[in-house]
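S.K.: This is the structure, below, for whatever I ask next.
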Protein chains: 2
Amino acid sequence: MRKRQNCSLLGFAQHDHKRCVSAGLKVADVYCQKHKLRLTTVRRRTLSILLESHTALGAYDVLARLREEGLGSEPPVAYRALGFLLENGFIHRIERLNAYVACSHPGALHNPAFLICSDCRAVAESTVATTTGTLNRQARESGFQIEHTTIEAEGQCPSCQQANQ
Amino acid sequence: MRKRQNCSLLGFAQHDHKRCVSAGLKVADVYCQKHKLRLTTVRRRTLSILLESHTALGAYDVLARLREEGLGSEPPVAYRALGFLLENGFIHRIERLNAYVACSHPGALHNPAFLICSDCRAVAESTVATTTGTLNRQARESGFQIEHTTIEAEGQCPSCQQANQ
DNA sequence: CTTGTAGTGATATAACATAACATTTTTACG
DNA sequence: CGTAAAAATGTTATGTTATATCACTACAAG
Ligand SMILES: [Zn+2]
Ligand SMILES: [Zn+2]
Ligand SMILES: [Zn+2]
Ligand SMILES: [Zn+2]
């Protein structure tokens, strides 16, 4: 009898979080070198700020951190860095929160689904991104061409459930 | 051999649109009477503004219309009316657009998926709202309690595809 | 009629995002 | 190297979306 694998989602599970940060930065470094992209100081620091938490941060939260460190003080600085990181799949945007979160499975562009805690903004990223067959069928039948699908499930993460019980 | 039913989604299909407006208002009238809710002038007009198009309108778009008609000129007027209509399931919020759309299947609270045209903001509402089994399983296994799921597919509606070909 | 509740009016401000243009840094190439 | 083009950054201003707060009004219940 095989032991059931623990496949709880990163973000809600206990884990060695320093590895998330270092691994995420490493992947970005390698990817950028390979694709001749410039992971500048601001961009790299923006990524590490997001990697340091598995929660969604607003652009102005990021900007505040950058400002403290003398890396820029005006909104475009943060939005440019976030834009670069989004384009290259290192971070994702959480539409419900107008906020940004580091990718948990970096290395390739992809289109994940998210589980978002409405209390603490913790975010877990699922690799499952496809819509249900029914929605796809309805789209096809009505002639709608789907280009991108956003799936965001909101609720309570394990620790906030305990805290609020 | 049974004829294939045309189940193209309202919003992209040709239809008698005056009926959408009158039916939507009627449902709201009845529902509010039954539940002792007050569908005031501003609320009712806000609903009809959204019913008049199957596209998503921003709060400030709605406000502009209300202002023209002397029904209110400051943001809270629109946001309060939209809030009431959202709470009672007469309209939905499109997160990707920070915009609002009248419900196509009014009468009960529900949690639909949307097909959103990125060119013209036309929105079709699908009754299919459940996430994929896999996402639900992942949530359960990691102890996350899903309360609400947003599914928004963005792409091109039939007429915009023709226009851009 | 009076008292509580729900709804509105009005002002201000918070939060999120981009346009536009000047300047600096980096890269590419002769 | 020197220099021109491209990419990134600095800076100012403004646009867009949303909420807090407090005063006032309408209205239903007792
Ligand atoms: Zn981590
Ligand atoms: Zn939480
Ligand atoms: Zn219609
Ligand atoms: Zn369209």
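Lettering and numbering for the structure tokens are positional, with chains as A, B, ... in the shown order, residues counted from 1 in each chain, and ligands counted from 1 in the shown order.
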Dump as a PyMOL selection string the residues of chain C that approach chain A to within 9 Å, counting only C-alpha atoms (C1' of nucleotides).

M.R.: chain C and resi 15-18

S.K.: Could you write out the selected residues, including N, CA, C and O atoms (P, O5', C5', C4', C3', O3' and C1' of nucleotides), as a PDB file, in the first residue's frame?

M.R.:
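Output (again.pdb):
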```pdb
ATOM      1  P    DA C  15      -5.439  53.691   1.721  1.00  0.00           P
ATOM      2  O5'  DA C  15      -5.632  53.242   0.212  1.00  0.00           O
ATOM      3  C5'  DA C  15      -6.790  52.506  -0.125  1.00  0.00           C
ATOM      4  C4'  DA C  15      -6.698  52.105  -1.567  1.00  0.00           C
ATOM      5  C3'  DA C  15      -5.347  51.520  -1.982  1.00  0.00           C
ATOM      6  O3'  DA C  15      -5.652  50.321  -2.683  1.00  0.00           O
ATOM      7  C1'  DA C  15      -5.994  53.231  -3.464  1.00  0.00           C
ATOM      8  P    DC C  16      -4.511  49.416  -3.242  1.00  0.00           P
ATOM      9  O5'  DC C  16      -4.586  49.750  -4.794  1.00  0.00           O
ATOM     10  C5'  DC C  16      -5.769  49.420  -5.512  1.00  0.00           C
ATOM     11  C4'  DC C  16      -5.642  49.930  -6.922  1.00  0.00           C
ATOM     12  C3'  DC C  16      -4.389  49.461  -7.665  1.00  0.00           C
ATOM     13  O3'  DC C  16      -4.812  48.836  -8.865  1.00  0.00           O
ATOM     14  C1'  DC C  16      -4.704  51.772  -7.962  1.00  0.00           C
ATOM     15  P    DA C  17      -3.731  48.234  -9.895  1.00  0.00           P
ATOM     16  O5'  DA C  17      -3.443  49.449 -10.872  1.00  0.00           O
ATOM     17  C5'  DA C  17      -4.495  49.956 -11.687  1.00  0.00           C
ATOM     18  C4'  DA C  17      -3.961  51.054 -12.576  1.00  0.00           C
ATOM     19  C3'  DA C  17      -2.690  50.687 -13.341  1.00  0.00           C
ATOM     20  O3'  DA C  17      -3.045  50.520 -14.701  1.00  0.00           O
ATOM     21  C1'  DA C  17      -2.665  52.942 -12.535  1.00  0.00           C
ATOM     22  P    DT C  18      -1.978  50.270 -15.831  1.00  0.00           P
ATOM     23  O5'  DT C  18      -1.715  51.744 -16.372  1.00  0.00           O
ATOM     24  C5'  DT C  18      -2.829  52.526 -16.779  1.00  0.00           C
ATOM     25  C4'  DT C  18      -2.368  53.873 -17.254  1.00  0.00           C
ATOM     26  C3'  DT C  18      -1.275  53.854 -18.315  1.00  0.00           C
ATOM     27  O3'  DT C  18      -1.722  54.690 -19.358  1.00  0.00           O
ATOM     28  C1'  DT C  18      -0.727  55.368 -16.617  1.00  0.00           C
TER      29       DT C  18
END
```

S.K.: Neighbours of ligand 3 at 10 Å or closer, counting only C-alpha atoms (C1' of nucleotides) and all ligand atoms: which residues, as a PDB file with N, CA and C atoms, in the first residue's frame?

M.R.:
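Printed below is selection.pdb as written:
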```
ATOM      1  N   LEU B  10     -26.578  34.299 -24.451  1.00  0.00           N
ATOM      2  CA  LEU B  10     -27.142  35.633 -24.538  1.00  0.00           C
ATOM      3  C   LEU B  10     -25.982  36.614 -24.391  1.00  0.00           C
ATOM      4  N   GLY B  11     -26.062  37.699 -25.059  1.00  0.00           N
ATOM      5  CA  GLY B  11     -24.996  38.683 -24.928  1.00  0.00           C
ATOM      6  C   GLY B  11     -24.203  38.740 -26.215  1.00  0.00           C
ATOM      7  N   PHE B  12     -24.054  37.581 -26.877  1.00  0.00           N
ATOM      8  CA  PHE B  12     -23.385  37.559 -28.169  1.00  0.00           C
ATOM      9  C   PHE B  12     -24.395  37.266 -29.265  1.00  0.00           C
ATOM     10  N   ALA B  13     -25.535  36.737 -28.865  1.00  0.00           N
ATOM     11  CA  ALA B  13     -26.524  36.345 -29.866  1.00  0.00           C
ATOM     12  C   ALA B  13     -27.494  37.484 -30.139  1.00  0.00           C
ATOM     13  N   GLN B  14     -28.047  37.482 -31.322  1.00  0.00           N
ATOM     14  CA  GLN B  14     -29.145  38.393 -31.657  1.00  0.00           C
ATOM     15  C   GLN B  14     -30.335  38.059 -30.774  1.00  0.00           C
ATOM     16  N   HIS B  15     -30.981  39.066 -30.287  1.00  0.00           N
ATOM     17  CA  HIS B  15     -32.183  38.776 -29.512  1.00  0.00           C
ATOM     18  C   HIS B  15     -32.981  40.055 -29.328  1.00  0.00           C
ATOM     19  N   ASP B  16     -34.208  39.869 -28.880  1.00  0.00           N
ATOM     20  CA  ASP B  16     -35.081  41.012 -28.623  1.00  0.00           C
ATOM     21  C   ASP B  16     -34.643  41.645 -27.311  1.00  0.00           C
ATOM     22  N   HIS B  17     -33.898  42.726 -27.434  1.00  0.00           N
ATOM     23  CA  HIS B  17     -33.218  43.213 -26.247  1.00  0.00           C
ATOM     24  C   HIS B  17     -34.119  44.003 -25.308  1.00  0.00           C
ATOM     25  N   LYS B  18     -35.196  44.542 -25.857  1.00  0.00           N
ATOM     26  CA  LYS B  18     -36.117  45.244 -24.955  1.00  0.00           C
ATOM     27  C   LYS B  18     -36.664  44.308 -23.886  1.00  0.00           C
ATOM     28  N   ARG B  19     -36.786  43.055 -24.281  1.00  0.00           N
ATOM     29  CA  ARG B  19     -37.282  42.075 -23.322  1.00  0.00           C
ATOM     30  C   ARG B  19     -36.292  41.885 -22.164  1.00  0.00           C
ATOM     31  N   CYS B  20     -34.997  41.927 -22.477  1.00  0.00           N
ATOM     32  CA  CYS B  20     -33.996  41.782 -21.419  1.00  0.00           C
ATOM     33  C   CYS B  20     -34.226  42.837 -20.358  1.00  0.00           C
ATOM     34  N   VAL B  21     -34.423  44.078 -20.835  1.00  0.00           N
ATOM     35  CA  VAL B  21     -34.563  45.192 -19.905  1.00  0.00           C
ATOM     36  C   VAL B  21     -35.839  45.036 -19.091  1.00  0.00           C
ATOM     37  N   SER B  22     -36.943  44.845 -19.793  1.00  0.00           N
ATOM     38  CA  SER B  22     -38.213  44.811 -19.065  1.00  0.00           C
ATOM     39  C   SER B  22     -38.280  43.589 -18.158  1.00  0.00           C
ATOM     40  N   ALA B  23     -37.792  42.459 -18.651  1.00  0.00           N
ATOM     41  CA  ALA B  23     -37.829  41.256 -17.822  1.00  0.00           C
ATOM     42  C   ALA B  23     -36.935  41.411 -16.595  1.00  0.00           C
ATOM     43  N   GLY B  24     -35.763  41.977 -16.799  1.00  0.00           N
ATOM     44  CA  GLY B  24     -34.843  42.156 -15.679  1.00  0.00           C
ATOM     45  C   GLY B  24     -35.433  43.055 -14.613  1.00  0.00           C
ATOM     46  N   LEU B  51     -28.882  46.943 -17.631  1.00  0.00           N
ATOM     47  CA  LEU B  51     -29.666  46.033 -18.474  1.00  0.00           C
ATOM     48  C   LEU B  51     -29.676  46.485 -19.927  1.00  0.00           C
ATOM     49  N   GLU B  52     -29.573  47.802 -20.125  1.00  0.00           N
ATOM     50  CA  GLU B  52     -29.679  48.305 -21.493  1.00  0.00           C
ATOM     51  C   GLU B  52     -28.513  47.882 -22.382  1.00  0.00           C
ATOM     52  N   SER B  53     -27.415  47.472 -21.792  1.00  0.00           N
ATOM     53  CA  SER B  53     -26.334  46.940 -22.623  1.00  0.00           C
ATOM     54  C   SER B  53     -25.881  45.616 -22.027  1.00  0.00           C
ATOM     55  N   HIS B  54     -25.428  44.738 -22.889  1.00  0.00           N
ATOM     56  CA  HIS B  54     -24.840  43.500 -22.381  1.00  0.00           C
ATOM     57  C   HIS B  54     -23.338  43.666 -22.256  1.00  0.00           C
ATOM     58  N   THR B  55     -22.908  44.888 -22.044  1.00  0.00           N
ATOM     59  CA  THR B  55     -21.485  45.113 -21.838  1.00  0.00           C
ATOM     60  C   THR B  55     -21.250  45.592 -20.418  1.00  0.00           C
ATOM     61  N   ALA B 102     -25.257  43.615 -15.813  1.00  0.00           N
ATOM     62  CA  ALA B 102     -26.530  43.084 -15.328  1.00  0.00           C
ATOM     63  C   ALA B 102     -26.536  41.576 -15.445  1.00  0.00           C
ATOM     64  N   SER B 104     -27.787  37.989 -16.348  1.00  0.00           N
ATOM     65  CA  SER B 104     -28.602  37.464 -17.444  1.00  0.00           C
ATOM     66  C   SER B 104     -29.582  36.397 -16.987  1.00  0.00           C
TER      67      SER B 104
END
```

S.K.: DSSP on the backbone, then: every residue of segment 78-141 of chain B marked strand (DSSP E or B), written as a list in words.

M.R.: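 Restricting segment 78-141 of chain B to strand (DSSP E or B) produces Ile91, His92, Arg93, Ile94, Ala99, Tyr100, Val101, Ala102, Ala113, Phe114, Leu115, Ile116, Cys117, Ala122, Val123, Ala124, Glu125 and Ser126 of chain B.
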
S.K.: Output as a Markdown table one row per residue of chain D within 9 Å of chain A: the closest atom pair and its distance in Å to one decimal place, counting only C-alpha atoms (C1' of nucleotides), sorted by chain and residue number ascending.

M.R.:
```
| residue | atom | partner | partner_atom | distance |
| --- | --- | --- | --- | --- |
| D:DA8 | C1' | A:Thr40 | CA | 8.8 |
| D:DT9 | C1' | A:Val77 | CA | 7.8 |
| D:DG10 | C1' | A:Gly72 | CA | 8.5 |
| D:DT11 | C1' | A:Glu74 | CA | 8.0 |
```

S.K.: Any idea what the distance is between atom CA of Ala56 of chain B and atom CA of Ile94 of chain A?

M.R.: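 Pair atom CA of Ala56 of chain B / atom CA of Ile94 of chain A returns 19.5 Å.
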
S.K.: Could you check the closest approach to Glu87 of chain A for each of A:Leu109, A:Cys117, A:Gln145, A:Cys103 and tell me which residue wins, using only C-alpha atoms?

M.R.: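 Among A:Leu109, A:Cys117, A:Gln145, A:Cys103, it is A:Leu109 that comes nearest to Glu87 of chain A.
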
S.K.: Once you count only C-alpha atoms, which residues of chain A turn out to be within 10 Å of chain B? Could you give them as a PyMOL selection string?

M.R.: chain A and resi 6-13+94-98+113-118+124-161

S.K.: Quick one: distance from atom CA of Thr41 of chain A to atom C1' of DG15 of chain D in Å, one decimal?

M.R.: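 Spanning atom CA of Thr41 of chain A to atom C1' of DG15 of chain D is a straight-line distance of 28.8 Å.
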
S.K.: Apply DSSP to the backbone of this structure and, from segment 26-148 of chain B, keep only the residues in alpha helix (DSSP H); write these as a ChimeraX atom specification.

M.R.: /B:26-34,41-51,59-68,75-87,133-142

S.K.: What does the structure give for the distance between atom CA of Ala78 of chain A and atom C1' of DT24 of chain C, in Å to one decimal?

M.R.: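 Between atom CA of Ala78 of chain A and atom C1' of DT24 of chain C the gap is 18.4 Å.
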
S.K.: At a cut-off of 9 Å, using only C-alpha atoms (C1' of nucleotides), what residues contact segment 4-13 of chain C? Leave out same-chain residues fewer than 5 positions from it and give the result as a PyMOL selection string.

M.R.: (chain B and resi 40+72+74+77) or (chain D and resi 19-21+23-29)
